[in-house]
$ cat entry21.cif   # mmCIF, C-alpha atoms
data_final
loop_
_atom_site.group_PDB
_atom_site.id
_atom_site.type_symbol
_atom_site.label_atom_id
_atom_site.label_comp_id
_atom_site.auth_asym_id
_atom_site.auth_seq_id
_atom_site.Cartn_x
_atom_site.Cartn_y
_atom_site.Cartn_z
ATOM 1 C CA MET A 309 -178.039 50.333 -62.922
ATOM 2 C CA ILE A 310 -176.971 52.182 -59.765
ATOM 3 C CA ARG A 311 -177.771 49.098 -57.696
ATOM 4 C CA GLY A 312 -175.581 46.957 -59.942
ATOM 5 C CA VAL A 313 -172.668 49.407 -59.693
ATOM 6 C CA TRP A 314 -173.015 49.509 -55.900
ATOM 7 C CA ASP A 315 -173.057 45.711 -55.678
ATOM 8 C CA PHE A 316 -169.917 45.603 -57.821
ATOM 9 C CA ILE A 317 -168.119 48.164 -55.612
ATOM 10 C CA GLN A 318 -169.048 46.177 -52.499
ATOM 11 C CA GLN A 319 -167.059 43.214 -53.860
ATOM 12 C CA PHE A 320 -163.856 45.165 -53.197
ATOM 13 C CA SER A 321 -162.257 45.298 -49.768
ATOM 14 C CA ASN A 322 -161.520 48.587 -48.003
ATOM 15 C CA ARG A 323 -157.823 48.153 -48.800
ATOM 16 C CA GLU A 324 -158.522 47.705 -52.501
ATOM 17 C CA LEU A 325 -160.873 50.687 -52.492
ATOM 18 C CA ALA A 326 -158.254 52.800 -50.719
ATOM 19 C CA ILE A 327 -155.614 51.866 -53.296
ATOM 20 C CA ALA A 328 -158.048 52.621 -56.147
ATOM 21 C CA ILE A 329 -158.993 55.994 -54.639
ATOM 22 C CA TRP A 330 -155.353 57.039 -54.304
ATOM 23 C CA ILE A 331 -154.512 55.873 -57.828
ATOM 24 C CA VAL A 332 -157.428 57.843 -59.291
ATOM 25 C CA ALA A 333 -156.489 60.889 -57.206
ATOM 26 C CA PHE A 334 -152.841 60.697 -58.267
ATOM 27 C CA ALA A 335 -153.760 60.177 -61.932
ATOM 28 C CA GLY A 336 -156.145 63.130 -61.815
ATOM 29 C CA TRP A 337 -153.453 65.325 -60.269
ATOM 30 C CA ALA A 338 -150.857 64.207 -62.832
ATOM 31 C CA VAL A 339 -153.165 65.012 -65.758
ATOM 32 C CA CYS A 340 -154.477 68.309 -64.365
ATOM 33 C CA SER A 341 -151.135 69.668 -63.161
ATOM 34 C CA ARG A 342 -149.387 71.818 -65.754
ATOM 35 C CA LYS A 343 -145.943 70.541 -64.705
ATOM 36 C CA THR A 344 -146.756 66.849 -65.077
ATOM 37 C CA ARG A 345 -149.419 66.857 -67.793
ATOM 38 C CA ALA A 346 -147.024 66.539 -70.750
ATOM 39 C CA SER A 347 -144.954 63.733 -69.213
ATOM 40 C CA SER A 348 -148.095 61.907 -68.052
ATOM 41 C CA LEU A 349 -149.614 61.994 -71.532
ATOM 42 C CA HIS A 350 -146.284 60.861 -73.010
ATOM 43 C CA LEU A 351 -146.194 57.945 -70.572
ATOM 44 C CA LEU A 352 -149.787 57.053 -71.404
ATOM 45 C CA LYS A 353 -148.989 57.170 -75.123
ATOM 46 C CA ALA A 354 -145.966 54.900 -74.611
ATOM 47 C CA PHE A 355 -148.042 52.464 -72.563
ATOM 48 C CA PHE A 356 -150.544 52.147 -75.403
ATOM 49 C CA ALA A 357 -148.037 51.854 -78.243
ATOM 50 C CA TRP A 358 -149.521 49.756 -81.032
ATOM 51 C CA LYS A 359 -147.410 46.658 -80.364
ATOM 52 C CA LEU A 360 -148.220 46.752 -76.662
ATOM 53 C CA THR A 361 -151.894 47.357 -77.415
ATOM 54 C CA VAL A 362 -151.966 44.255 -79.631
ATOM 55 C CA GLY A 363 -150.395 42.334 -76.740
ATOM 56 C CA TYR A 364 -153.024 43.662 -74.322
ATOM 57 C CA LEU A 365 -155.837 42.628 -76.652
ATOM 58 C CA ALA A 366 -154.293 39.177 -77.084
ATOM 59 C CA MET A 367 -153.959 38.859 -73.307
ATOM 60 C CA LEU A 368 -157.571 39.952 -72.806
ATOM 61 C CA SER A 369 -158.756 37.430 -75.408
ATOM 62 C CA TYR A 370 -156.744 34.614 -73.832
ATOM 63 C CA VAL A 371 -157.974 35.365 -70.304
ATOM 64 C CA SER A 372 -161.562 35.636 -71.560
ATOM 65 C CA LEU A 373 -161.237 32.220 -73.191
ATOM 66 C CA VAL A 374 -159.830 30.735 -69.966
ATOM 67 C CA LEU A 375 -162.692 32.229 -67.953
ATOM 68 C CA LEU A 376 -165.178 30.897 -70.492
ATOM 69 C CA VAL A 377 -163.767 27.396 -70.028
ATOM 70 C CA LEU A 378 -163.593 27.648 -66.222
ATOM 71 C CA ARG A 379 -167.113 29.005 -65.730
ATOM 72 C CA PRO A 380 -168.995 25.707 -66.382
ATOM 73 C CA LEU A 381 -166.567 23.976 -64.001
ATOM 74 C CA GLY A 382 -167.746 26.210 -61.155
ATOM 75 C CA VAL A 383 -164.290 27.709 -60.579
ATOM 76 C CA TRP A 384 -165.674 31.254 -60.475
ATOM 77 C CA GLN A 385 -169.038 32.931 -60.015
ATOM 78 C CA SER A 386 -170.452 36.365 -60.764
ATOM 79 C CA THR A 387 -169.365 37.448 -57.274
ATOM 80 C CA SER A 388 -165.740 36.795 -58.282
ATOM 81 C CA VAL A 389 -165.628 39.603 -60.848
ATOM 82 C CA ALA A 390 -163.736 41.933 -58.494
ATOM 83 C CA THR A 391 -161.150 39.246 -57.745
ATOM 84 C CA ILE A 392 -160.683 38.581 -61.472
ATOM 85 C CA LEU A 393 -160.343 42.287 -62.256
ATOM 86 C CA ILE A 394 -157.728 42.834 -59.544
ATOM 87 C CA TRP A 395 -155.790 39.766 -60.691
ATOM 88 C CA PHE A 396 -155.895 40.948 -64.306
ATOM 89 C CA VAL A 397 -154.595 44.451 -63.514
ATOM 90 C CA CYS A 398 -152.080 43.600 -60.798
ATOM 91 C CA VAL A 399 -150.865 40.073 -61.650
ATOM 92 C CA ALA A 400 -151.455 39.455 -65.360
ATOM 93 C CA PHE A 401 -149.906 42.743 -66.451
ATOM 94 C CA GLY A 402 -146.986 42.208 -64.076
ATOM 95 C CA MET A 403 -146.329 38.748 -65.511
ATOM 96 C CA LEU A 404 -146.583 40.052 -69.066
ATOM 97 C CA PHE A 405 -144.038 42.818 -68.453
ATOM 98 C CA GLN A 406 -141.690 40.271 -66.847
ATOM 99 C CA TRP A 407 -141.760 37.949 -69.852
ATOM 100 C CA GLU A 408 -137.943 37.694 -69.738
ATOM 101 C CA ARG A 409 -138.315 35.282 -66.844
ATOM 102 C CA ALA A 410 -139.778 32.755 -69.292
ATOM 103 C CA ASN A 411 -136.276 32.382 -70.724
ATOM 104 C CA GLU A 412 -135.188 30.712 -67.490
ATOM 105 C CA PRO A 413 -135.009 26.893 -67.796
ATOM 106 C CA SER A 414 -137.035 26.395 -64.596
ATOM 107 C CA TYR A 415 -139.665 29.033 -65.379
ATOM 108 C CA PHE A 416 -142.757 26.838 -65.028
ATOM 109 C CA ARG A 417 -141.449 24.993 -61.975
ATOM 110 C CA ASN A 418 -140.580 28.215 -60.143
ATOM 111 C CA ALA A 419 -143.907 29.829 -61.024
ATOM 112 C CA ILE A 420 -145.893 26.838 -59.786
ATOM 113 C CA ARG A 421 -143.855 26.696 -56.575
ATOM 114 C CA GLU A 422 -144.413 30.408 -55.941
ATOM 115 C CA ASN A 423 -148.165 30.001 -56.295
ATOM 116 C CA ILE A 424 -148.629 27.030 -53.977
ATOM 117 C CA ARG A 425 -146.321 28.087 -51.140
ATOM 118 C CA LEU A 426 -147.654 28.787 -47.648
ATOM 119 C CA THR A 427 -147.146 32.546 -47.942
ATOM 120 C CA VAL A 428 -149.982 32.684 -50.475
ATOM 121 C CA LEU A 429 -152.398 31.545 -47.768
ATOM 122 C CA VAL A 430 -150.926 33.987 -45.234
ATOM 123 C CA GLU A 431 -151.190 36.871 -47.718
ATOM 124 C CA PHE A 432 -154.800 35.933 -48.435
ATOM 125 C CA ILE A 433 -155.684 35.920 -44.734
ATOM 126 C CA VAL A 434 -153.946 39.262 -44.172
ATOM 127 C CA ASN A 435 -155.741 40.849 -47.129
ATOM 128 C CA PHE A 436 -159.074 39.345 -46.086
ATOM 129 C CA TYR A 437 -159.178 41.110 -42.726
ATOM 130 C CA VAL A 438 -158.761 44.798 -43.457
ATOM 131 C CA LEU A 439 -159.272 47.951 -41.392
ATOM 132 C CA ASN A 440 -161.821 50.744 -41.742
ATOM 133 C CA LEU A 441 -161.676 52.652 -45.004
ATOM 134 C CA TRP A 442 -160.326 55.845 -43.454
ATOM 135 C CA LEU A 443 -157.498 53.899 -41.811
ATOM 136 C CA GLU A 444 -156.675 52.157 -45.073
ATOM 137 C CA LEU A 445 -156.658 55.572 -46.804
ATOM 138 C CA LEU A 446 -154.015 56.699 -44.300
ATOM 139 C CA LEU A 447 -151.932 53.516 -44.492
ATOM 140 C CA VAL A 448 -151.714 53.262 -48.289
ATOM 141 C CA PRO A 449 -149.705 56.501 -48.825
ATOM 142 C CA LEU A 450 -147.713 55.805 -45.659
ATOM 143 C CA PHE A 451 -146.546 52.435 -46.948
ATOM 144 C CA ALA A 452 -145.892 53.966 -50.381
ATOM 145 C CA ILE A 453 -143.635 56.614 -48.825
ATOM 146 C CA ILE A 454 -141.849 54.020 -46.692
ATOM 147 C CA GLY A 455 -141.326 51.800 -49.741
ATOM 148 C CA ALA A 456 -139.827 54.745 -51.634
ATOM 149 C CA MET A 457 -137.570 55.481 -48.661
ATOM 150 C CA ILE A 458 -136.322 51.878 -48.603
ATOM 151 C CA ALA A 459 -135.576 52.000 -52.330
ATOM 152 C CA LEU A 460 -133.718 55.299 -51.890
ATOM 153 C CA CYS A 461 -131.713 54.062 -48.907
ATOM 154 C CA GLU A 462 -130.606 50.922 -50.739
ATOM 155 C CA ARG A 463 -128.950 53.085 -53.412
ATOM 156 C CA ASP A 464 -126.585 54.821 -50.995
ATOM 157 C CA SER A 465 -124.715 53.161 -48.116
ATOM 158 C CA LYS A 466 -124.709 56.364 -46.043
ATOM 159 C CA TYR A 467 -128.422 55.783 -45.370
ATOM 160 C CA ASP A 468 -127.860 52.279 -43.944
ATOM 161 C CA SER A 469 -128.974 53.272 -40.439
ATOM 162 C CA VAL A 470 -132.202 54.755 -41.823
ATOM 163 C CA ARG A 471 -132.779 51.669 -43.990
ATOM 164 C CA VAL A 472 -132.384 49.330 -41.004
ATOM 165 C CA PHE A 473 -134.842 51.393 -38.948
ATOM 166 C CA VAL A 474 -137.422 51.568 -41.763
ATOM 167 C CA ASN A 475 -137.115 47.841 -42.467
ATOM 168 C CA ARG A 476 -137.647 47.007 -38.803
ATOM 169 C CA PHE A 477 -140.641 49.335 -38.715
ATOM 170 C CA MET A 478 -142.149 47.621 -41.761
ATOM 171 C CA ILE A 479 -141.553 44.193 -40.222
ATOM 172 C CA ALA A 480 -143.228 45.306 -36.984
ATOM 173 C CA VAL A 481 -146.244 46.700 -38.819
ATOM 174 C CA GLY A 482 -146.468 43.569 -40.972
ATOM 175 C CA LEU A 483 -146.395 41.320 -37.923
ATOM 176 C CA ALA A 484 -149.051 43.455 -36.222
ATOM 177 C CA VAL A 485 -151.360 43.259 -39.244
ATOM 178 C CA ALA A 486 -150.728 39.515 -39.630
ATOM 179 C CA THR A 487 -151.411 38.932 -35.920
ATOM 180 C CA TYR A 488 -154.650 40.890 -36.162
ATOM 181 C CA ALA A 489 -155.718 38.897 -39.227
ATOM 182 C CA MET A 490 -154.878 35.560 -37.591
ATOM 183 C CA TYR A 491 -156.759 36.567 -34.433
ATOM 184 C CA MET A 492 -159.836 37.546 -36.457
ATOM 185 C CA MET A 493 -159.680 34.280 -38.387
ATOM 186 C CA ILE A 494 -159.513 32.188 -35.202
ATOM 187 C CA THR A 495 -162.245 34.078 -33.344
ATOM 188 C CA ASP A 496 -164.551 34.222 -36.377
ATOM 189 C CA PHE A 497 -163.580 31.108 -38.291
ATOM 190 C CA ASN A 498 -167.099 30.411 -39.583
ATOM 191 C CA GLN A 499 -167.146 33.673 -41.517
ATOM 192 C CA PHE A 500 -163.696 32.945 -42.922
ATOM 193 C CA ALA A 501 -164.252 29.285 -43.879
ATOM 194 C CA THR A 502 -166.848 29.771 -46.600
ATOM 195 C CA ILE A 503 -167.061 28.519 -50.170
ATOM 196 C CA ALA A 504 -166.831 32.085 -51.500
ATOM 197 C CA ASN A 505 -163.598 32.727 -49.606
ATOM 198 C CA LEU A 506 -162.205 29.402 -50.795
ATOM 199 C CA GLU A 507 -162.934 30.460 -54.377
ATOM 200 C CA ASN A 508 -161.239 33.815 -53.811
ATOM 201 C CA LEU A 509 -158.172 31.999 -52.477
ATOM 202 C CA PHE A 510 -157.743 29.508 -55.295
ATOM 203 C CA LEU A 511 -159.103 31.538 -58.231
ATOM 204 C CA PRO A 512 -156.033 33.843 -58.555
ATOM 205 C CA ILE A 513 -153.753 30.804 -58.286
ATOM 206 C CA ILE A 514 -155.661 28.956 -61.012
ATOM 207 C CA LEU A 515 -155.715 32.041 -63.239
ATOM 208 C CA THR A 516 -151.977 32.562 -62.769
ATOM 209 C CA LEU A 517 -151.147 28.951 -63.602
ATOM 210 C CA THR A 518 -153.335 28.979 -66.706
ATOM 211 C CA PHE A 519 -151.775 32.303 -67.745
ATOM 212 C CA LEU A 520 -148.228 30.897 -67.766
ATOM 213 C CA PRO A 521 -148.493 29.424 -71.315
ATOM 214 C CA PHE A 522 -149.543 32.816 -72.674
ATOM 215 C CA VAL A 523 -146.564 34.530 -71.030
ATOM 216 C CA TYR A 524 -144.278 31.855 -72.460
ATOM 217 C CA LEU A 525 -145.714 32.350 -75.959
ATOM 218 C CA ALA A 526 -145.346 36.124 -75.577
ATOM 219 C CA ALA A 527 -141.722 35.588 -74.548
ATOM 220 C CA ALA A 528 -141.201 33.331 -77.572
ATOM 221 C CA PHE A 529 -142.658 35.984 -79.887
ATOM 222 C CA ALA A 530 -140.445 38.714 -78.400
ATOM 223 C CA THR A 531 -137.377 36.450 -78.493
ATOM 224 C CA TYR A 532 -137.791 35.548 -82.162
ATOM 225 C CA GLU A 533 -138.683 39.113 -83.119
ATOM 226 C CA ASN A 534 -135.417 40.311 -81.608
ATOM 227 C CA LEU A 535 -133.516 37.350 -83.052
ATOM 228 C CA PHE A 536 -134.843 37.919 -86.582
ATOM 229 C CA LEU A 537 -134.095 41.643 -86.332
ATOM 230 C CA ARG A 538 -130.472 40.896 -85.451
ATOM 231 C CA LEU A 539 -130.352 38.217 -88.133
ATOM 232 C CA GLY A 540 -131.116 40.902 -90.726
ATOM 233 C CA PHE A 541 -127.934 42.768 -89.821
ATOM 234 C CA PHE A 542 -125.757 39.839 -90.875
ATOM 235 C CA ILE A 543 -127.766 38.431 -93.801
ATOM 236 C CA ARG A 544 -128.619 40.981 -96.467
ATOM 237 C CA ASP A 545 -130.022 38.660 -99.121
ATOM 238 C CA GLU A 546 -133.827 38.576 -98.744
ATOM 239 C CA SER A 547 -134.316 34.980 -99.902
ATOM 240 C CA LEU A 548 -131.501 33.743 -97.669
ATOM 241 C CA LEU A 549 -132.896 35.757 -94.753
ATOM 242 C CA LYS A 550 -136.324 34.106 -95.128
ATOM 243 C CA TYR A 551 -134.617 30.705 -95.289
ATOM 244 C CA ALA A 552 -132.547 31.494 -92.175
ATOM 245 C CA LYS A 553 -135.622 32.614 -90.235
ATOM 246 C CA TRP A 554 -137.537 29.459 -91.144
ATOM 247 C CA LYS A 555 -134.610 27.177 -90.300
ATOM 248 C CA THR A 556 -134.064 28.969 -86.982
ATOM 249 C CA LEU A 557 -137.723 28.721 -86.005
ATOM 250 C CA ARG A 558 -137.855 25.075 -87.049
ATOM 251 C CA ALA A 559 -134.608 24.212 -85.232
ATOM 252 C CA PHE A 560 -135.438 25.713 -81.832
ATOM 253 C CA GLY A 561 -139.222 26.062 -81.694
ATOM 254 C CA LEU A 562 -140.245 26.869 -78.135
ATOM 255 C CA SER A 563 -136.782 26.174 -76.721
ATOM 256 C CA LEU A 564 -136.108 29.800 -75.818
ATOM 257 C CA ASN A 565 -132.855 29.090 -74.019
ATOM 258 C CA SER A 566 -131.383 27.469 -77.154
ATOM 259 C CA ALA A 567 -132.709 30.277 -79.345
ATOM 260 C CA ASN A 568 -131.038 32.861 -77.131
ATOM 261 C CA GLU A 569 -127.763 30.941 -77.249
ATOM 262 C CA TRP A 570 -128.004 30.783 -81.036
ATOM 263 C CA GLY A 571 -128.429 34.549 -81.022
ATOM 264 C CA LYS A 572 -124.929 34.892 -79.537
ATOM 265 C CA HIS A 573 -123.439 33.206 -82.636
ATOM 266 C CA LEU A 574 -125.139 35.275 -85.355
ATOM 267 C CA PHE A 575 -121.956 37.231 -86.088
ATOM 268 C CA ARG A 576 -120.615 34.070 -87.763
ATOM 269 C CA LEU A 577 -123.295 34.360 -90.458
ATOM 270 C CA SER A 578 -121.921 37.507 -92.060
ATOM 271 C CA GLY A 579 -121.372 36.876 -95.769
ATOM 272 C CA VAL A 580 -122.462 33.205 -95.753
ATOM 273 C CA ASP A 581 -124.633 31.498 -98.337
ATOM 274 C CA LYS A 582 -127.310 28.840 -97.746
ATOM 275 C CA HIS A 583 -124.750 26.062 -97.324
ATOM 276 C CA GLY A 584 -122.701 28.224 -94.977
ATOM 277 C CA PHE A 585 -125.768 28.904 -92.862
ATOM 278 C CA ASP A 586 -126.609 25.202 -92.657
ATOM 279 C CA ARG A 587 -123.041 24.425 -91.656
ATOM 280 C CA ALA A 588 -123.076 27.125 -88.948
ATOM 281 C CA MET A 589 -126.359 25.762 -87.633
ATOM 282 C CA ARG A 590 -125.007 22.186 -87.530
ATOM 283 C CA ASP A 591 -121.825 23.307 -85.772
ATOM 284 C CA PHE A 592 -123.838 25.211 -83.176
ATOM 285 C CA LYS A 593 -126.232 22.323 -82.506
ATOM 286 C CA SER A 594 -123.403 19.812 -82.203
ATOM 287 C CA GLY A 595 -121.540 22.142 -79.857
ATOM 288 C CA ALA A 596 -124.669 22.677 -77.753
ATOM 289 C CA SER A 597 -125.215 18.919 -77.562
ATOM 290 C CA SER A 598 -121.625 18.417 -76.417
ATOM 291 C CA THR A 599 -122.033 21.079 -73.747
ATOM 292 C CA ASP A 600 -125.240 19.478 -72.483
ATOM 293 C CA THR A 601 -123.512 16.085 -72.318
ATOM 294 C CA GLU A 602 -120.607 17.532 -70.333
ATOM 295 C CA GLU A 603 -122.977 19.236 -67.883
ATOM 296 C CA VAL A 604 -124.840 15.966 -67.310
#

$ encode --input "entry21.cif" --output "structure tokens"
Amino acid sequence: MIRGVWDFIQQFSNRELAIAIWIVAFAGWAVCSRKTRASSLHLLKAFFAWKLTVGYLAMLSYVSLVLLVLRPLGVWQSTSVATILIWFVCVAFGMLFQWERANEPSYFRNAIRENIRLTVLVEFIVNFYVLNLWLELLLVPLFAIIGAMIALCERDSKYDSVRVFVNRFMIAVGLAVATYAMYMMITDFNQFATIANLENLFLPIILTLTFLPFVYLAAAFATYENLFLRLGFFIRDESLLKYAKWKTLRAFGLSLNSANEWGKHLFRLSGVDKHGFDRAMRDFKSGASSTDTEEV
């Protein structure tokens, strides 16, 4: 048991361990401190609201199914558990909470381009060659403080001189770390160019690409939930409301951009009957088709 836990911990880099240690320390302080305990518990309760919890369980089920399919293909091994866990916490949750981006017409194209660009390889190399744990423990809060300073300076123009200095400092540190990583890769290329490292490079990319359909479906669910809620403000008759929901879902399907545009015209449905709704839908679709033709 202890041996298995130790082997699992060894899968994480010193940088990842340093980040985890600081997160646990900060969470422990927030819960134990009398001043922050109430707000921390409130935040935790909000994070695990029942709708969000259902979304988390659906996300976990989807990712588990993807991993189950990818395992026989040799995409990941038991030694990739740490990589999968970090991707799930840091990337999957981030993508889920940014589901609004799925409403963009070029969502899939932009996401694929972001995941195959050269910076992904550079980031992997930089994260592969890390410093001693005690140095990483010092750098993690330092970078967190600097990041907070940059965010604060960008909100007020009177701190422009400080913002320029901090940005230059961050660029210098980033270049130093990248240079160190590149040097280590060149001088010890055999240790870098292994099958395990290749898996760790491509596994997060593959997981992200396969996760895109789930994010899009989550965005579709949220879009229609909001759309149907607003639809209820203008259509009071229950039977007509059910008809309007079905017709809306059937008309737009997974075309989220069109569904959002239709949502801007719901005020026209106040007081209409079934024929009035059909007419409003036809007018909207013909107008949208005309707009698309003019844009082309």

$ atom_distance --input "entry21.cif" --atom1 "atom CA of A:Leu515" --atom2 "atom CA of A:Ala400"
8.8 Å

$ residues_around --input "entry21.cif" --residues "stretch 533-544 of chain A" --least-positions-apart "6" --cutoff "12 Å" --atoms "only C-alpha atoms" --output "NGL selection string"
:A and (359 or 526-527 or 550-557 or 560 or 564 or 566-582 or 584-585)

$ write_last_selection --input "entry21.cif" --atoms "C-alpha atoms" --output "PDB file, in the coordinates of the input"
ATOM      1  CA  LYS A 359    -147.410  46.658 -80.364  1.00  0.00           C
ATOM      2  CA  ALA A 526    -145.346  36.124 -75.577  1.00  0.00           C
ATOM      3  CA  ALA A 527    -141.722  35.588 -74.548  1.00  0.00           C
ATOM      4  CA  LYS A 550    -136.324  34.106 -95.128  1.00  0.00           C
ATOM      5  CA  TYR A 551    -134.617  30.705 -95.289  1.00  0.00           C
ATOM      6  CA  ALA A 552    -132.547  31.494 -92.175  1.00  0.00           C
ATOM      7  CA  LYS A 553    -135.622  32.614 -90.235  1.00  0.00           C
ATOM      8  CA  TRP A 554    -137.537  29.459 -91.144  1.00  0.00           C
ATOM      9  CA  LYS A 555    -134.610  27.177 -90.300  1.00  0.00           C
ATOM     10  CA  THR A 556    -134.064  28.969 -86.982  1.00  0.00           C
ATOM     11  CA  LEU A 557    -137.723  28.721 -86.005  1.00  0.00           C
ATOM     12  CA  PHE A 560    -135.438  25.713 -81.832  1.00  0.00           C
ATOM     13  CA  LEU A 564    -136.108  29.800 -75.818  1.00  0.00           C
ATOM     14  CA  SER A 566    -131.383  27.469 -77.154  1.00  0.00           C
ATOM     15  CA  ALA A 567    -132.709  30.277 -79.345  1.00  0.00           C
ATOM     16  CA  ASN A 568    -131.038  32.861 -77.131  1.00  0.00           C
ATOM     17  CA  GLU A 569    -127.763  30.941 -77.249  1.00  0.00           C
ATOM     18  CA  TRP A 570    -128.004  30.783 -81.036  1.00  0.00           C
ATOM     19  CA  GLY A 571    -128.429  34.549 -81.022  1.00  0.00           C
ATOM     20  CA  LYS A 572    -124.929  34.892 -79.537  1.00  0.00           C
ATOM     21  CA  HIS A 573    -123.439  33.206 -82.636  1.00  0.00           C
ATOM     22  CA  LEU A 574    -125.139  35.275 -85.355  1.00  0.00           C
ATOM     23  CA  PHE A 575    -121.956  37.231 -86.088  1.00  0.00           C
ATOM     24  CA  ARG A 576    -120.615  34.070 -87.763  1.00  0.00           C
ATOM     25  CA  LEU A 577    -123.295  34.360 -90.458  1.00  0.00           C
ATOM     26  CA  SER A 578    -121.921  37.507 -92.060  1.00  0.00           C
ATOM     27  CA  GLY A 579    -121.372  36.876 -95.769  1.00  0.00           C
ATOM     28  CA  VAL A 580    -122.462  33.205 -95.753  1.00  0.00           C
ATOM     29  CA  ASP A 581    -124.633  31.498 -98.337  1.00  0.00           C
ATOM     30  CA  LYS A 582    -127.310  28.840 -97.746  1.00  0.00           C
ATOM     31  CA  GLY A 584    -122.701  28.224 -94.977  1.00  0.00           C
ATOM     32  CA  PHE A 585    -125.768  28.904 -92.862  1.00  0.00           C
TER      33      PHE A 585
END

$ resolve_selection --input "entry21.cif" --expression "the PyMOL selection byres ((chain A and resi 521) around 12)" --output "list in words"
Met367, Tyr370, Val371, Val374, Met403, Leu404, Trp407, Ala410, Tyr415, Phe416, Ala419, Leu515, Thr516, Leu517, Thr518, Phe519, Leu520, Phe522, Val523, Tyr524, Leu525, Ala526, Ala527, Ala528 and Leu562 of chain A

$ atom_distance --input "entry21.cif" --atom1 "atom CA of A:Glu408" --atom2 "atom CA of A:Phe451"
28.5 Å

$ atom_distance --input "entry21.cif" --atom1 "atom CA of A:Met589" --atom2 "atom CA of A:Asn565"
15.4 Å

$ residues_near_point --input "entry21.cif" --point "(-148.6, 55.7, -49.5)" --cutoff "12 Å" --atoms "all atoms listed in the file" --output "VMD selection string"
chain A and resid 323 326 to 331 334 443 to 457

$ axis_aligned_box --input "entry21.cif" --around "stretch 484-490 of chain A" --padding-each-side "3 Å" --output "lines of an AutoDock Vina configuration file"
center_x = -152.4
center_y = 39.5
center_z = -37.8
size_x = 12.7
size_y = 13.9
size_z = 9.7

$ closest_residue --input "entry21.cif" --among "A:Thr391, A:Gln406, A:Ser469, A:Ser414" --to "A:Phe510" --atoms "only C-alpha atoms"
A:Thr391

$ closest_residue --input "entry21.cif" --among "A:Ala333, A:Leu511, A:Val397, A:Val438" --to "A:Met493" --atoms "only C-alpha atoms"
A:Val438

$ closest_residue --input "entry21.cif" --among "A:Asn411, A:Ser465, A:Thr487, A:Asn423" --to "A:Tyr532" --atoms "all atoms listed in the file"
A:Asn411

$ residues_near_point --input "entry21.cif" --point "(-161.8, 43.2, -58.7)" --cutoff "9 Å" --atoms "all atoms listed in the file" --output "list in words"
Phe316, Ile317, Gln319, Phe320, Glu324, Ser388, Val389, Ala390, Thr391, Ile392, Leu393, Ile394, Trp395, Phe396 and Val397 of chain A

$ closest_residue --input "entry21.cif" --among "A:Val383, A:Glu546, A:Ser369, A:Val470" --to "A:Glu507" --atoms "all atoms listed in the file"
A:Val383

$ closest_residue --input "entry21.cif" --among "A:Leu439, A:Ala346, A:Leu360, A:Leu378" --to "A:Asn322" --atoms "only C-alpha atoms"
A:Leu439

$ resolve_selection --input "entry21.cif" --expression "the PyMOL selection byres ((chain A and resi 335) around 12)" --output "PyMOL selection string"
chain A and resi 328-334+336-341+344-345+347-349+351-352

$ decode --input "entry21.cif" --residues "stretch 375-386 of chain A" --atoms "N, CA and C atoms" --output "mmCIF file, in the first residue's frame"
data_model
loop_
_atom_site.group_PDB
_atom_site.id
_atom_site.type_symbol
_atom_site.label_atom_id
_atom_site.label_comp_id
_atom_site.auth_asym_id
_atom_site.auth_seq_id
_atom_site.Cartn_x
_atom_site.Cartn_y
_atom_site.Cartn_z
ATOM 1 N N LEU A 375 -10.875 7.119 -21.749
ATOM 2 C CA LEU A 375 -9.679 6.396 -21.308
ATOM 3 C C LEU A 375 -9.833 4.892 -21.524
ATOM 4 N N LEU A 376 -11.049 4.398 -21.321
ATOM 5 C CA LEU A 376 -11.310 2.976 -21.534
ATOM 6 C C LEU A 376 -11.116 2.597 -22.998
ATOM 7 N N VAL A 377 -11.492 3.496 -23.900
ATOM 8 C CA VAL A 377 -11.327 3.242 -25.327
ATOM 9 C C VAL A 377 -9.863 3.375 -25.741
ATOM 10 N N LEU A 378 -9.153 4.347 -25.152
ATOM 11 C CA LEU A 378 -7.769 4.611 -25.546
ATOM 12 C C LEU A 378 -6.777 3.605 -24.974
ATOM 13 N N ARG A 379 -7.130 2.950 -23.878
ATOM 14 C CA ARG A 379 -6.187 2.038 -23.232
ATOM 15 C C ARG A 379 -5.756 0.890 -24.139
ATOM 16 N N PRO A 380 -6.670 0.167 -24.816
ATOM 17 C CA PRO A 380 -6.224 -0.918 -25.702
ATOM 18 C C PRO A 380 -5.389 -0.421 -26.883
ATOM 19 N N LEU A 381 -5.506 0.844 -27.227
ATOM 20 C CA LEU A 381 -4.737 1.406 -28.338
ATOM 21 C C LEU A 381 -3.314 1.767 -27.927
ATOM 22 N N GLY A 382 -2.996 1.625 -26.643
ATOM 23 C CA GLY A 382 -1.656 1.919 -26.164
ATOM 24 C C GLY A 382 -1.358 3.397 -26.027
ATOM 25 N N VAL A 383 -2.409 4.241 -25.982
ATOM 26 C CA VAL A 383 -2.193 5.680 -25.871
ATOM 27 C C VAL A 383 -1.684 6.050 -24.488
ATOM 28 N N TRP A 384 -2.115 5.332 -23.462
ATOM 29 C CA TRP A 384 -1.646 5.622 -22.103
ATOM 30 C C TRP A 384 -1.393 4.329 -21.347
ATOM 31 N N GLN A 385 -0.511 4.429 -20.360
ATOM 32 C CA GLN A 385 -0.143 3.285 -19.531
ATOM 33 C C GLN A 385 -0.429 3.624 -18.069
ATOM 34 N N SER A 386 -0.168 2.668 -17.200
ATOM 35 C CA SER A 386 -0.395 2.910 -15.770
ATOM 36 C C SER A 386 0.507 4.007 -15.232
#
